[in-house]
$ cat run-v4.txt   # compact mmCIF, C-alpha atoms
# COMPACT_ATOMS: atom_id res chain seq x y z
CA MET A 221 22.94 -10.03 6.18
CA ARG A 222 24.00 -9.01 2.67
CA ASP A 223 20.32 -8.88 1.60
CA ARG A 224 19.58 -6.66 4.58
CA ILE A 225 22.45 -4.32 3.66
CA LEU A 226 21.19 -4.01 0.09
CA THR A 227 17.72 -3.14 1.36
CA LEU A 228 19.08 -0.56 3.78
CA CYS A 229 21.16 1.04 1.03
CA VAL A 230 17.97 1.76 -0.88
CA ILE A 231 16.28 3.21 2.21
CA VAL A 232 19.30 5.34 3.15
CA GLY A 233 19.46 6.65 -0.39
CA VAL A 234 15.81 7.62 -0.15
CA VAL A 235 15.92 9.48 3.16
CA SER A 236 19.37 11.10 3.08
CA PRO A 237 19.16 14.62 4.56
CA ALA A 238 21.19 15.91 1.62
CA MET A 239 18.25 15.40 -0.73
CA ALA A 240 14.48 15.70 -0.65
CA GLU A 241 12.64 12.48 0.04
CA ASN A 242 11.55 10.11 -2.67
CA TRP A 243 8.45 7.93 -2.32
CA PRO A 244 9.59 4.72 -4.05
CA ALA A 245 6.85 2.27 -3.07
CA TRP A 246 3.29 1.87 -1.89
CA ARG A 247 3.29 3.26 1.69
CA GLY A 248 6.82 4.65 1.22
CA ALA A 249 10.35 3.30 1.50
CA GLU A 250 9.78 1.52 4.80
CA GLY A 251 6.17 0.45 4.20
CA THR A 252 4.81 2.50 7.12
CA GLY A 253 2.86 5.28 5.38
CA ILE A 254 5.13 7.78 7.16
CA SER A 255 7.07 10.50 5.33
CA ARG A 256 9.96 12.59 6.65
CA GLU A 257 8.96 15.50 4.43
CA LYS A 258 8.43 18.88 6.12
CA ASN A 259 6.18 21.77 5.13
CA LEU A 260 3.93 19.80 2.81
CA PRO A 261 0.78 21.71 1.80
CA ALA A 262 -2.14 21.27 4.18
CA GLN A 263 -4.71 23.18 2.13
CA TRP A 264 -5.71 23.01 -1.53
CA GLY A 265 -8.70 23.03 -3.84
CA GLY A 266 -9.89 24.81 -6.97
CA THR A 267 -6.78 26.66 -8.08
CA GLU A 268 -5.20 27.00 -4.63
CA ASN A 269 -1.85 25.19 -4.34
CA ILE A 270 -2.48 23.14 -7.51
CA ARG A 271 0.77 23.20 -9.47
CA TRP A 272 -0.68 21.09 -12.28
CA LYS A 273 -3.26 18.43 -13.01
CA ILE A 274 -3.41 16.06 -15.95
CA PRO A 275 -6.27 13.86 -17.20
CA LEU A 276 -6.06 10.09 -16.81
CA ALA A 277 -7.41 7.64 -19.37
CA GLU A 278 -9.65 5.51 -17.12
CA PRO A 279 -10.56 5.09 -13.45
CA CYS A 280 -7.82 3.32 -11.51
CA ASN A 281 -7.08 2.89 -7.80
CA SER A 282 -3.29 2.64 -7.65
CA THR A 283 -1.15 5.26 -5.93
CA PRO A 284 1.80 6.82 -7.81
CA ILE A 285 5.40 6.53 -6.64
CA VAL A 286 8.11 9.17 -7.07
CA TRP A 287 11.85 8.97 -7.70
CA ASP A 288 13.75 12.21 -8.26
CA GLU A 289 12.21 13.97 -11.28
CA ARG A 290 9.88 11.15 -12.34
CA ILE A 291 6.48 9.94 -11.21
CA PHE A 292 5.55 6.33 -11.99
CA LEU A 293 2.01 5.01 -12.01
CA THR A 294 0.06 2.04 -13.34
CA GLN A 295 -2.91 2.66 -15.61
CA GLY A 296 -5.61 0.43 -17.06
CA LEU A 297 -6.58 1.00 -20.70
CA GLU A 298 -9.54 -0.44 -22.60
CA LYS A 299 -10.92 -1.69 -19.26
CA GLY A 300 -7.79 -3.66 -18.53
CA LYS A 301 -7.18 -5.25 -21.90
CA ARG A 302 -4.08 -3.06 -21.97
CA ARG A 303 -2.15 -2.23 -18.79
CA ALA A 304 0.47 0.47 -18.73
CA LEU A 305 3.40 1.56 -16.61
CA ILE A 306 3.75 5.29 -17.19
CA ALA A 307 6.58 7.68 -16.31
CA LEU A 308 5.68 11.36 -15.92
CA ASN A 309 7.80 14.45 -15.50
CA ARG A 310 7.43 15.58 -11.89
CA LYS A 311 7.64 19.29 -12.70
CA THR A 312 5.10 19.37 -15.55
CA GLY A 313 3.10 16.12 -15.51
CA ALA A 314 4.09 15.42 -19.12
CA THR A 315 4.41 11.74 -20.10
CA GLU A 316 8.05 10.76 -20.65
CA TRP A 317 7.43 7.13 -21.58
CA GLN A 318 4.84 4.37 -21.43
CA GLN A 319 5.28 0.60 -21.50
CA GLU A 320 2.28 -1.72 -21.90
CA VAL A 321 1.26 -5.32 -21.46
CA THR A 322 -1.93 -6.97 -22.63
CA SER A 323 -4.37 -9.26 -20.87
CA ASP A 324 -7.10 -11.33 -22.49
CA VAL A 325 -8.29 -12.69 -19.14
CA GLU A 326 -11.80 -11.70 -18.12
CA GLU A 327 -11.01 -10.80 -14.53
CA THR A 328 -14.14 -11.00 -12.39
CA SER A 329 -13.51 -7.87 -10.37
CA HIS A 330 -15.74 -5.52 -8.40
CA PRO A 331 -16.79 -2.26 -10.15
CA GLN A 332 -15.01 -0.29 -7.41
CA ASN A 333 -11.75 -2.13 -8.10
CA PRO A 334 -10.84 -1.69 -11.77
CA PRO A 335 -7.62 -3.23 -13.17
CA CYS A 336 -4.25 -1.85 -12.03
CA SER A 337 -4.85 -1.38 -8.31
CA ALA A 338 -1.24 -2.21 -7.41
CA SER A 339 1.34 0.55 -7.13
CA PRO A 340 4.77 0.12 -8.76
CA VAL A 341 8.04 0.01 -6.81
CA THR A 342 11.55 1.24 -7.66
CA ASP A 343 15.08 0.93 -6.31
CA GLY A 344 16.29 3.95 -8.26
CA LYS A 345 17.64 1.76 -11.04
CA ALA A 346 14.58 -0.12 -12.27
CA VAL A 347 10.84 0.09 -11.72
CA PHE A 348 8.56 -2.94 -11.27
CA ALA A 349 4.78 -3.22 -11.74
CA ASN A 350 2.33 -5.98 -10.84
CA PHE A 351 -0.42 -6.24 -13.46
CA ALA A 352 -2.03 -9.38 -11.99
CA SER A 353 -3.32 -11.36 -15.01
CA GLY A 354 -1.08 -9.12 -17.14
CA GLY A 355 2.04 -10.32 -15.34
CA ILE A 356 5.00 -8.56 -13.72
CA LEU A 357 6.86 -5.91 -15.75
CA ALA A 358 10.35 -4.51 -15.10
CA CYS A 359 11.73 -1.41 -16.84
CA THR A 360 14.70 0.90 -16.47
CA LEU A 361 13.93 4.38 -15.19
CA ASP A 362 14.22 5.75 -18.72
CA GLY A 363 11.71 3.26 -20.12
CA LYS A 364 13.71 0.32 -21.48
CA ARG A 365 11.87 -2.97 -20.95
CA LEU A 366 14.01 -5.36 -18.90
CA TRP A 367 11.69 -8.34 -18.53
CA HIS A 368 8.06 -9.40 -18.36
CA ARG A 369 6.88 -12.45 -16.46
CA ASP A 370 3.42 -13.99 -16.95
CA LEU A 371 2.30 -15.70 -13.73
CA GLY A 372 -1.11 -16.72 -15.04
CA PRO A 373 -4.60 -15.34 -14.39
CA VAL A 374 -5.85 -13.87 -11.11
CA LEU A 375 -9.50 -14.80 -10.72
CA SER A 376 -10.68 -13.27 -7.47
CA ARG A 377 -14.32 -12.16 -7.43
CA TRP A 378 -13.16 -8.71 -6.21
CA GLY A 379 -10.02 -8.29 -8.26
CA ASN A 380 -6.55 -7.79 -6.79
CA GLY A 381 -4.58 -5.12 -5.01
CA GLY A 382 -1.24 -6.31 -3.62
CA SER A 383 1.76 -4.19 -4.66
CA PRO A 384 5.25 -5.63 -5.21
CA ILE A 385 8.04 -4.99 -2.71
CA LEU A 386 11.82 -5.28 -3.02
CA TYR A 387 14.17 -7.24 -0.79
CA GLY A 388 17.83 -7.82 -1.58
CA LYS A 389 17.92 -9.26 -5.09
CA LEU A 390 14.22 -10.15 -5.06
CA VAL A 391 10.91 -8.74 -6.20
CA ILE A 392 8.29 -10.19 -3.87
CA VAL A 393 4.67 -10.21 -5.01
CA PHE A 394 1.45 -11.88 -3.87
CA HIS A 395 -0.24 -13.36 -6.94
CA GLY A 396 -3.82 -13.50 -5.75
CA PRO A 397 -6.27 -13.62 -4.10
CA GLY A 398 -8.66 -16.27 -5.40
CA THR A 399 -7.37 -19.06 -7.58
CA PRO A 400 -4.45 -19.27 -7.45
CA SER A 401 -2.99 -17.54 -4.36
CA ILE A 402 0.80 -17.75 -4.47
CA LEU A 403 3.50 -15.61 -2.88
CA TYR A 404 6.46 -15.29 -5.25
CA GLY A 405 10.07 -14.32 -4.76
CA LEU A 406 11.38 -13.37 -8.21
CA ASP A 407 14.93 -12.55 -9.26
CA ARG A 408 15.08 -8.78 -9.65
CA GLU A 409 17.35 -8.92 -12.72
CA THR A 410 15.66 -11.71 -14.69
CA GLY A 411 12.15 -12.27 -13.30
CA LYS A 412 12.89 -15.96 -12.75
CA THR A 413 11.28 -17.69 -9.78
CA VAL A 414 13.55 -18.03 -6.75
CA TRP A 415 10.88 -19.32 -4.35
CA THR A 416 7.13 -19.70 -3.98
CA SER A 417 4.69 -20.22 -1.14
CA GLU A 418 1.27 -21.55 -2.15
CA GLU A 419 -1.57 -20.22 0.02
CA THR A 420 -5.26 -21.17 0.31
CA PRO A 421 -7.00 -20.59 -3.07
CA ILE A 422 -10.72 -19.84 -2.69
CA ASN A 423 -12.55 -17.57 -5.13
CA SER A 424 -15.10 -15.77 -2.97
CA PRO A 425 -15.92 -12.07 -2.46
CA VAL A 426 -15.60 -12.56 1.31
CA PHE A 427 -12.34 -14.52 1.34
CA GLY A 428 -8.83 -13.40 0.46
CA SER A 429 -5.96 -11.01 1.04
CA TRP A 430 -5.63 -7.88 -1.08
CA SER A 431 -2.74 -6.79 1.13
CA THR A 432 0.92 -6.02 0.46
CA PRO A 433 3.59 -7.75 2.58
CA VAL A 434 6.15 -5.90 4.70
CA VAL A 435 9.66 -6.79 5.89
CA VAL A 436 10.41 -6.12 9.56
CA ARG A 437 13.62 -6.56 11.54
CA VAL A 438 13.29 -8.87 14.55
CA GLY A 439 16.45 -9.34 16.57
CA ASP A 440 19.12 -10.51 14.16
CA ARG A 441 16.82 -11.55 11.33
CA ASP A 442 14.42 -10.08 8.78
CA GLU A 443 10.86 -11.38 8.59
CA LEU A 444 8.40 -11.01 5.74
CA VAL A 445 4.88 -10.55 7.13
CA LEU A 446 1.62 -11.02 5.21
CA PRO A 447 -2.00 -11.22 6.47
CA LEU A 448 -3.91 -14.15 4.98
CA PRO A 449 -7.43 -15.65 5.21
CA GLY A 450 -8.03 -18.98 6.92
CA GLU A 451 -7.97 -22.47 5.49
CA LYS A 452 -11.67 -22.23 4.66
CA ILE A 453 -14.46 -19.65 4.70
CA GLY A 454 -15.46 -19.02 8.29
CA SER A 455 -12.15 -20.08 9.86
CA LEU A 456 -9.76 -17.57 11.43
CA GLY A 457 -7.40 -15.63 9.22
CA PHE A 458 -3.83 -15.12 10.38
CA PHE A 459 -0.55 -13.30 10.07
CA LYS A 460 2.16 -15.41 8.47
CA GLY A 461 5.89 -14.80 8.84
CA TYR A 462 8.39 -15.93 6.21
CA GLU A 463 12.12 -15.89 5.73
CA PRO A 464 12.22 -13.31 2.91
CA ALA A 465 15.29 -14.69 1.14
CA SER A 466 13.88 -18.22 0.84
CA GLY A 467 10.10 -18.04 1.41
CA LYS A 468 10.40 -20.52 4.29
CA THR A 469 7.51 -20.26 6.76
CA LEU A 470 8.69 -19.11 10.19
CA TRP A 471 5.49 -18.66 12.20
CA GLN A 472 1.74 -18.09 12.17
CA ILE A 473 -0.45 -16.00 14.51
CA ASP A 474 -4.23 -16.50 14.32
CA GLY A 475 -7.05 -14.01 14.82
CA LEU A 476 -7.76 -12.06 11.63
CA GLY A 477 -10.91 -12.26 9.52
CA ASN A 478 -11.22 -13.93 6.12
CA GLU A 479 -11.03 -10.67 4.19
CA VAL A 480 -8.03 -8.29 4.50
CA TYR A 481 -7.37 -5.23 2.35
CA ALA A 482 -4.96 -3.20 4.47
CA MET A 483 -1.19 -3.52 4.56
CA PRO A 484 0.24 -4.59 7.93
CA ILE A 485 0.77 -1.51 10.12
CA PHE A 486 3.94 -1.58 12.17
CA GLY A 487 5.60 0.82 14.58
CA ALA A 488 5.98 1.51 18.31
CA GLY A 489 9.70 0.83 18.04
CA GLY A 490 9.05 -2.34 16.09
CA ARG A 491 7.11 -3.84 19.00
CA VAL A 492 3.70 -3.90 17.32
CA ILE A 493 2.29 -5.11 13.99
CA VAL A 494 -1.43 -4.49 13.44
CA GLY A 495 -3.75 -6.11 10.93
CA VAL A 496 -7.25 -4.83 10.21
CA SER A 497 -9.83 -7.09 8.62
CA GLY A 498 -12.44 -6.01 6.11
CA HIS A 499 -16.09 -7.06 6.18
CA ASN A 500 -16.50 -5.95 9.83
CA GLY A 501 -13.80 -8.37 10.95
CA PRO A 502 -11.43 -8.09 13.92
CA THR A 503 -8.36 -5.94 14.44
CA LEU A 504 -5.33 -7.96 15.54
CA ALA A 505 -2.07 -6.74 17.09
CA ILE A 506 0.98 -8.98 17.32
CA ARG A 507 4.71 -8.90 17.81
CA ALA A 508 6.76 -10.68 15.19
CA GLY A 509 9.15 -13.51 15.93
CA GLY A 510 8.58 -16.90 17.40
CA SER A 511 8.19 -20.15 15.53
CA GLY A 512 5.37 -22.46 14.54
CA ASN A 513 1.95 -21.33 15.72
CA ALA A 514 2.88 -18.42 18.00
CA THR A 515 -0.66 -17.23 18.74
CA GLU A 516 -0.42 -17.81 22.50
CA THR A 517 2.95 -16.13 22.93
CA HIS A 518 2.95 -13.33 20.33
CA ARG A 519 -0.62 -12.05 20.08
CA LEU A 520 -0.91 -8.73 21.93
CA TRP A 521 -4.60 -7.90 21.58
CA ARG A 522 -7.62 -8.53 19.39
CA THR A 523 -10.93 -6.71 19.13
CA GLU A 524 -13.69 -9.18 19.90
CA THR A 525 -16.67 -6.95 19.04
CA LYS A 526 -17.97 -6.23 15.55
CA ASN A 527 -15.78 -3.67 13.80
CA PRO A 528 -16.63 -1.15 11.08
CA GLN A 529 -15.71 -1.95 7.51
CA ARG A 530 -12.08 -1.03 6.88
CA VAL A 531 -10.26 -0.84 3.56
CA SER A 532 -7.43 1.62 4.20
CA SER A 533 -4.08 1.08 5.91
CA GLY A 534 -3.39 3.07 9.07
CA VAL A 535 -0.26 4.39 10.79
CA ILE A 536 1.41 4.11 14.20
CA HIS A 537 2.89 7.30 15.67
CA ASP A 538 4.18 7.88 19.19
CA ASP A 539 2.68 4.55 20.33
CA HIS A 540 -0.76 5.52 19.00
CA LEU A 541 -2.55 3.67 16.20
CA TYR A 542 -4.64 5.71 13.76
CA LEU A 543 -7.27 3.93 11.65
CA ALA A 544 -9.74 5.25 9.07
CA ASP A 545 -13.08 3.47 8.92
CA ALA A 546 -15.03 3.17 5.68
CA THR A 547 -17.95 4.68 7.60
CA GLY A 548 -16.13 8.04 7.70
CA VAL A 549 -14.71 7.81 11.23
CA LEU A 550 -11.08 8.35 12.27
CA GLN A 551 -10.03 6.26 15.27
CA CYS A 552 -7.07 6.59 17.63
CA LEU A 553 -6.05 3.65 19.84
CA LYS A 554 -3.11 2.85 22.05
CA ALA A 555 -0.98 0.63 19.84
CA VAL A 556 0.33 -1.70 22.53
CA THR A 557 -3.00 -2.34 24.30
CA GLY A 558 -5.76 -1.51 21.79
CA GLU A 559 -7.41 0.89 24.26
CA SER A 560 -9.60 3.47 22.49
CA VAL A 561 -8.46 7.10 22.72
CA PHE A 562 -10.93 8.82 20.38
CA GLN A 563 -13.38 8.24 17.54
CA GLU A 564 -14.24 11.29 15.44
CA ARG A 565 -16.40 11.51 12.33
CA LEU A 566 -14.70 13.10 9.34
CA GLY A 567 -17.21 12.32 6.60
CA GLY A 568 -17.84 10.35 3.45
CA ASN A 569 -16.42 6.88 2.87
CA LEU A 570 -12.81 6.77 4.02
CA TRP A 571 -10.99 4.36 1.73
CA GLY A 572 -7.72 6.23 1.28
CA SER A 573 -4.83 4.91 3.35
CA ILE A 574 -3.47 7.34 5.93
CA LEU A 575 -0.32 9.36 5.27
CA LEU A 576 1.63 10.78 8.22
CA ALA A 577 3.97 13.69 7.53
CA ASP A 578 5.29 16.49 9.75
CA GLY A 579 2.90 15.68 12.59
CA LYS A 580 -0.17 15.62 10.36
CA LEU A 581 -2.46 12.82 9.21
CA TYR A 582 -3.82 12.98 5.64
CA VAL A 583 -6.73 10.72 4.68
CA SER A 584 -9.06 10.88 1.65
CA ASN A 585 -12.60 9.67 1.09
CA LEU A 586 -14.24 8.30 -2.04
CA GLU A 587 -16.08 11.58 -2.57
CA GLY A 588 -12.84 13.49 -3.22
CA ASP A 589 -12.24 15.13 0.16
CA THR A 590 -8.90 14.91 1.95
CA TYR A 591 -8.89 15.59 5.68
CA VAL A 592 -5.81 16.87 7.49
CA VAL A 593 -5.77 16.08 11.22
CA ARG A 594 -3.16 16.64 13.91
CA ALA A 595 -1.30 13.40 14.69
CA SER A 596 -2.09 13.59 18.38
CA PRO A 597 -4.18 11.67 20.92
CA LYS A 598 -6.14 14.92 21.25
CA PHE A 599 -8.27 15.27 18.11
CA GLU A 600 -7.72 18.46 16.09
CA MET A 601 -9.02 18.99 12.56
CA LEU A 602 -6.65 21.19 10.55
CA ALA A 603 -8.20 21.28 7.07
CA LYS A 604 -10.66 19.73 4.67
CA ASN A 605 -9.68 19.87 0.99
CA SER A 606 -11.98 18.94 -1.89
CA VAL A 607 -11.33 18.17 -5.54
CA GLY A 608 -14.82 16.83 -6.24
CA GLU A 609 -13.70 13.63 -8.00
CA PRO A 610 -13.89 9.99 -6.88
CA THR A 611 -10.66 9.24 -4.99
CA TYR A 612 -9.60 5.72 -4.03
CA ALA A 613 -5.81 6.15 -3.96
CA ALA A 614 -3.64 7.50 -1.13
CA LEU A 615 -1.52 10.64 -1.26
CA ALA A 616 2.12 10.26 -2.33
CA PRO A 617 4.51 12.87 -0.81
CA ALA A 618 7.85 13.76 -2.38
CA HIS A 619 10.14 16.76 -2.74
CA GLY A 620 7.81 19.12 -0.89
CA GLU A 621 4.79 18.17 -2.97
CA LEU A 622 1.78 15.86 -2.74
CA PHE A 623 0.52 13.74 -5.63
CA LEU A 624 -3.15 12.84 -5.58
CA ARG A 625 -4.71 10.39 -8.00
CA THR A 626 -8.45 10.56 -8.59
CA HIS A 627 -10.50 8.57 -11.08
CA GLY A 628 -10.15 11.42 -13.54
CA HIS A 629 -6.84 13.20 -12.90
CA LEU A 630 -3.42 13.20 -11.31
CA TYR A 631 -2.81 16.34 -9.23
CA CYS A 632 0.48 17.89 -8.16
CA ILE A 633 -0.24 19.84 -4.97
CA SER A 634 2.45 22.35 -3.95
CA SER A 635 2.56 25.32 -1.60
CA ALA A 636 4.81 27.00 -4.13
CA ALA A 637 1.95 27.01 -6.64
CA GLY A 638 -0.10 29.49 -4.58
CA THR A 639 -3.38 30.67 -6.08
CA LYS A 640 -3.66 30.89 -9.84

$ encode --input "run-v4.txt" --output "structure tokens"
Amino acid sequence: MRDRILTLCVIVGVVSPAMAENWPAWRGAEGTGISREKNLPAQWGGTENIRWKIPLAEPCNSTPIVWDERIFLTQGLEKGKRRALIALNRKTGATEWQQEVTSDVEETSHPQNPPCSASPVTDGKAVFANFASGGILACTLDGKRLWHRDLGPVLSRWGNGGSPILYGKLVIVFHGPGTPSILYGLDRETGKTVWTSEETPINSPVFGSWSTPVVVRVGDRDELVLPLPGEKIGSLGFFKGYEPASGKTLWQIDGLGNEVYAMPIFGAGGRVIVGVSGHNGPTLAIRAGGSGNATETHRLWRTETKNPQRVSSGVIHDDHLYLADATGVLQCLKAVTGESVFQERLGGNLWGSILLADGKLYVSNLEGDTYVVRASPKFEMLAKNSVGEPTYAALAPAHGELFLRTHGHLYCISSAAGTK
């Protein structure tokens, strides 16, 4: 219970109505991709509503996080030989500090997934970054290095992507995929191992989890949920539930594919958790809880037909599930049943995870376009915004602004900027 209270204190501090909202983690404070911000800009491009943009050293896929007047992002340098955690001034984009680690490991990644795909996370006191083969780094908000923990190399054929999350006194991070694949609970103050859970280690481009775990409340307990591949290539993947304070396995629900990029999507009053497989694999909806193999009792629905390729994480809003397909199509389904509501083509290759804010869905494609769509079971396109640069990251909303990372720049998008 004390761990749960500590976690809630962070969330309450983030969303207090007396202050604008921070965006302290990948997919936000609650891991849903949903922001409480109002009046975020819906249109931009060229000089319209661009408050500032700054150049970035190398292509990188991670999304920035925001706490008060600072933006934090991870950045690969020298093609990953150096890996940096950078703090920027939110008002100007100027670098306030930069801490680096080095990595001599030749990570066998995919060209579309350069080093530093994981977003950092902060509790407002310290900021934590997962650099995969470069280890886990913890710094104070003003740039003092607290600790660095080397967990060994990550040797997946397609690199890595899982971001760290915070729970109680722990930093929880999936060190994988490939060989090894280990879920760690680390002491937030020291970086020392509190618990581990060793998962199936297979180094294959069509096997592994690039996902980030989430913590959900089920009855009187918290559960850490992570999608994982099967025990071997070709077997069913599954959702796995853990006790977050100890790493103890609570349950398993089968039905995913062997390749998962997206973070678990949860909503509908906590009744539904959805996992989407990559490589044309199935979509699986479950309810958490249970014990042992809970497939028969806790699986809600599963798509049996061949699915489009999916990389991005979706959102659940008003009992509707919104998914972006890599083929450029936005889908709306009923979250509890999986029944299709609409499929509408937006365009390009939709890799950016969906942001929901103020009744609007924001989703970006690799070509540099961000589509804004009404969050409604009746499809309504509101805007298409282009920056003309490769974009793999998701939008980060905070303090009335949007922060967009491309392979070349970081943009601050603000209605207050107007047209320059």

$ atom_distance --input "run-v4.txt" --atom1 "atom CA of Asp407 of chain A" --atom2 "atom CA of Gly450 of chain A"
28.8 Å

$ residues_around --input "run-v4.txt" --residues "Ile493 of chain A" --least-positions-apart "2" --cutoff "9 Å" --atoms "all atoms listed in the file" --output "ChimeraX atom specification"
/A:484-488,490-491,495,504-508,555

$ atom_distance --input "run-v4.txt" --atom1 "atom CA of Ala465 of chain A" --atom2 "atom CA of Pro373 of chain A"
25.2 Å

$ atom_distance --input "run-v4.txt" --atom1 "atom CA of Trp287 of chain A" --atom2 "atom CA of Ala338 of chain A"
17.2 Å

$ closest_residue --input "run-v4.txt" --among "A:Gln319, A:Thr416, A:Thr410, A:Asn281" --to "Thr469 of chain A" --atoms "all atoms listed in the file"
A:Thr416

$ closest_residue --input "run-v4.txt" --among "A:Gly381, A:Gly251, A:Gly588, A:Gly461" --to "Thr294 of chain A" --atoms "all atoms listed in the file"
A:Gly381

$ axis_aligned_box --input "run-v4.txt" --around "segment 349-360 of chain A" --padding-each-side "4 Å" --output "JSON"
{"center_x": 5.7, "center_y": -5.2, "center_z": -14.0, "size_x": 26.0, "size_y": 20.3, "size_z": 14.3}

$ closest_residue --input "run-v4.txt" --among "A:Arg594, A:Arg377, A:Arg303, A:His627" --to "Gly354 of chain A" --atoms "all atoms listed in the file"
A:Arg303

$ decode --input "run-v4.txt" --residues "segment 407-465 of chain A" --atoms "C-alpha atoms" --output "tab-separated table (two decimals), in the first residue's frame"
chain	number	residue	atom	x	y	z
A	407	ASP	CA	16.41	0.54	-6.24
A	408	ARG	CA	15.62	4.10	-7.28
A	409	GLU	CA	18.24	5.65	-4.97
A	410	THR	CA	21.18	3.31	-5.62
A	411	GLY	CA	20.52	1.34	-8.83
A	412	LYS	CA	21.03	-1.95	-6.98
A	413	THR	CA	18.97	-4.95	-8.06
A	414	VAL	CA	15.90	-5.61	-5.91
A	415	TRP	CA	14.40	-8.33	-8.12
A	416	THR	CA	14.68	-9.87	-11.57
A	417	SER	CA	12.49	-11.97	-13.83
A	418	GLU	CA	14.32	-13.82	-16.61
A	419	GLU	CA	12.25	-14.15	-19.80
A	420	THR	CA	12.78	-16.15	-23.01
A	421	PRO	CA	16.02	-15.02	-24.73
A	422	ILE	CA	15.95	-15.53	-28.50
A	423	ASN	CA	17.81	-13.21	-30.86
A	424	SER	CA	15.58	-13.04	-33.93
A	425	PRO	CA	14.09	-10.12	-35.90
A	426	VAL	CA	10.63	-11.71	-35.57
A	427	PHE	CA	10.76	-12.55	-31.86
A	428	GLY	CA	10.77	-10.24	-28.86
A	429	SER	CA	9.10	-7.47	-26.91
A	430	TRP	CA	10.10	-3.86	-27.50
A	431	SER	CA	7.30	-2.78	-25.20
A	432	THR	CA	7.19	-0.81	-21.94
A	433	PRO	CA	5.35	-2.31	-18.94
A	434	VAL	CA	2.44	-0.61	-17.17
A	435	VAL	CA	1.11	-0.80	-13.61
A	436	VAL	CA	-2.66	-1.19	-13.24
A	437	ARG	CA	-4.83	-1.33	-10.13
A	438	VAL	CA	-6.93	-4.50	-9.82
A	439	GLY	CA	-9.12	-4.68	-6.75
A	440	ASP	CA	-6.86	-4.17	-3.76
A	441	ARG	CA	-3.56	-4.83	-5.51
A	442	ASP	CA	-1.27	-3.35	-8.16
A	443	GLU	CA	-0.21	-5.47	-11.12
A	444	LEU	CA	2.71	-4.91	-13.46
A	445	VAL	CA	1.74	-5.96	-17.00
A	446	LEU	CA	4.14	-6.68	-19.87
A	447	PRO	CA	3.51	-8.32	-23.28
A	448	LEU	CA	6.06	-11.01	-24.12
A	449	PRO	CA	6.78	-13.44	-26.99
A	450	GLY	CA	6.26	-17.18	-26.57
A	451	GLU	CA	8.66	-19.82	-25.36
A	452	LYS	CA	9.87	-20.40	-28.92
A	453	ILE	CA	9.44	-18.89	-32.37
A	454	GLY	CA	5.99	-19.79	-33.65
A	455	SER	CA	4.39	-20.32	-30.24
A	456	LEU	CA	1.82	-17.89	-28.82
A	457	GLY	CA	2.98	-14.74	-27.11
A	458	PHE	CA	1.25	-13.64	-23.94
A	459	PHE	CA	0.54	-10.97	-21.38
A	460	LYS	CA	2.32	-11.56	-18.09
A	461	GLY	CA	1.27	-10.06	-14.76
A	462	TYR	CA	3.76	-9.49	-11.93
A	463	GLU	CA	3.68	-8.22	-8.39
A	464	PRO	CA	5.55	-4.95	-9.01
A	465	ALA	CA	7.21	-4.72	-5.60
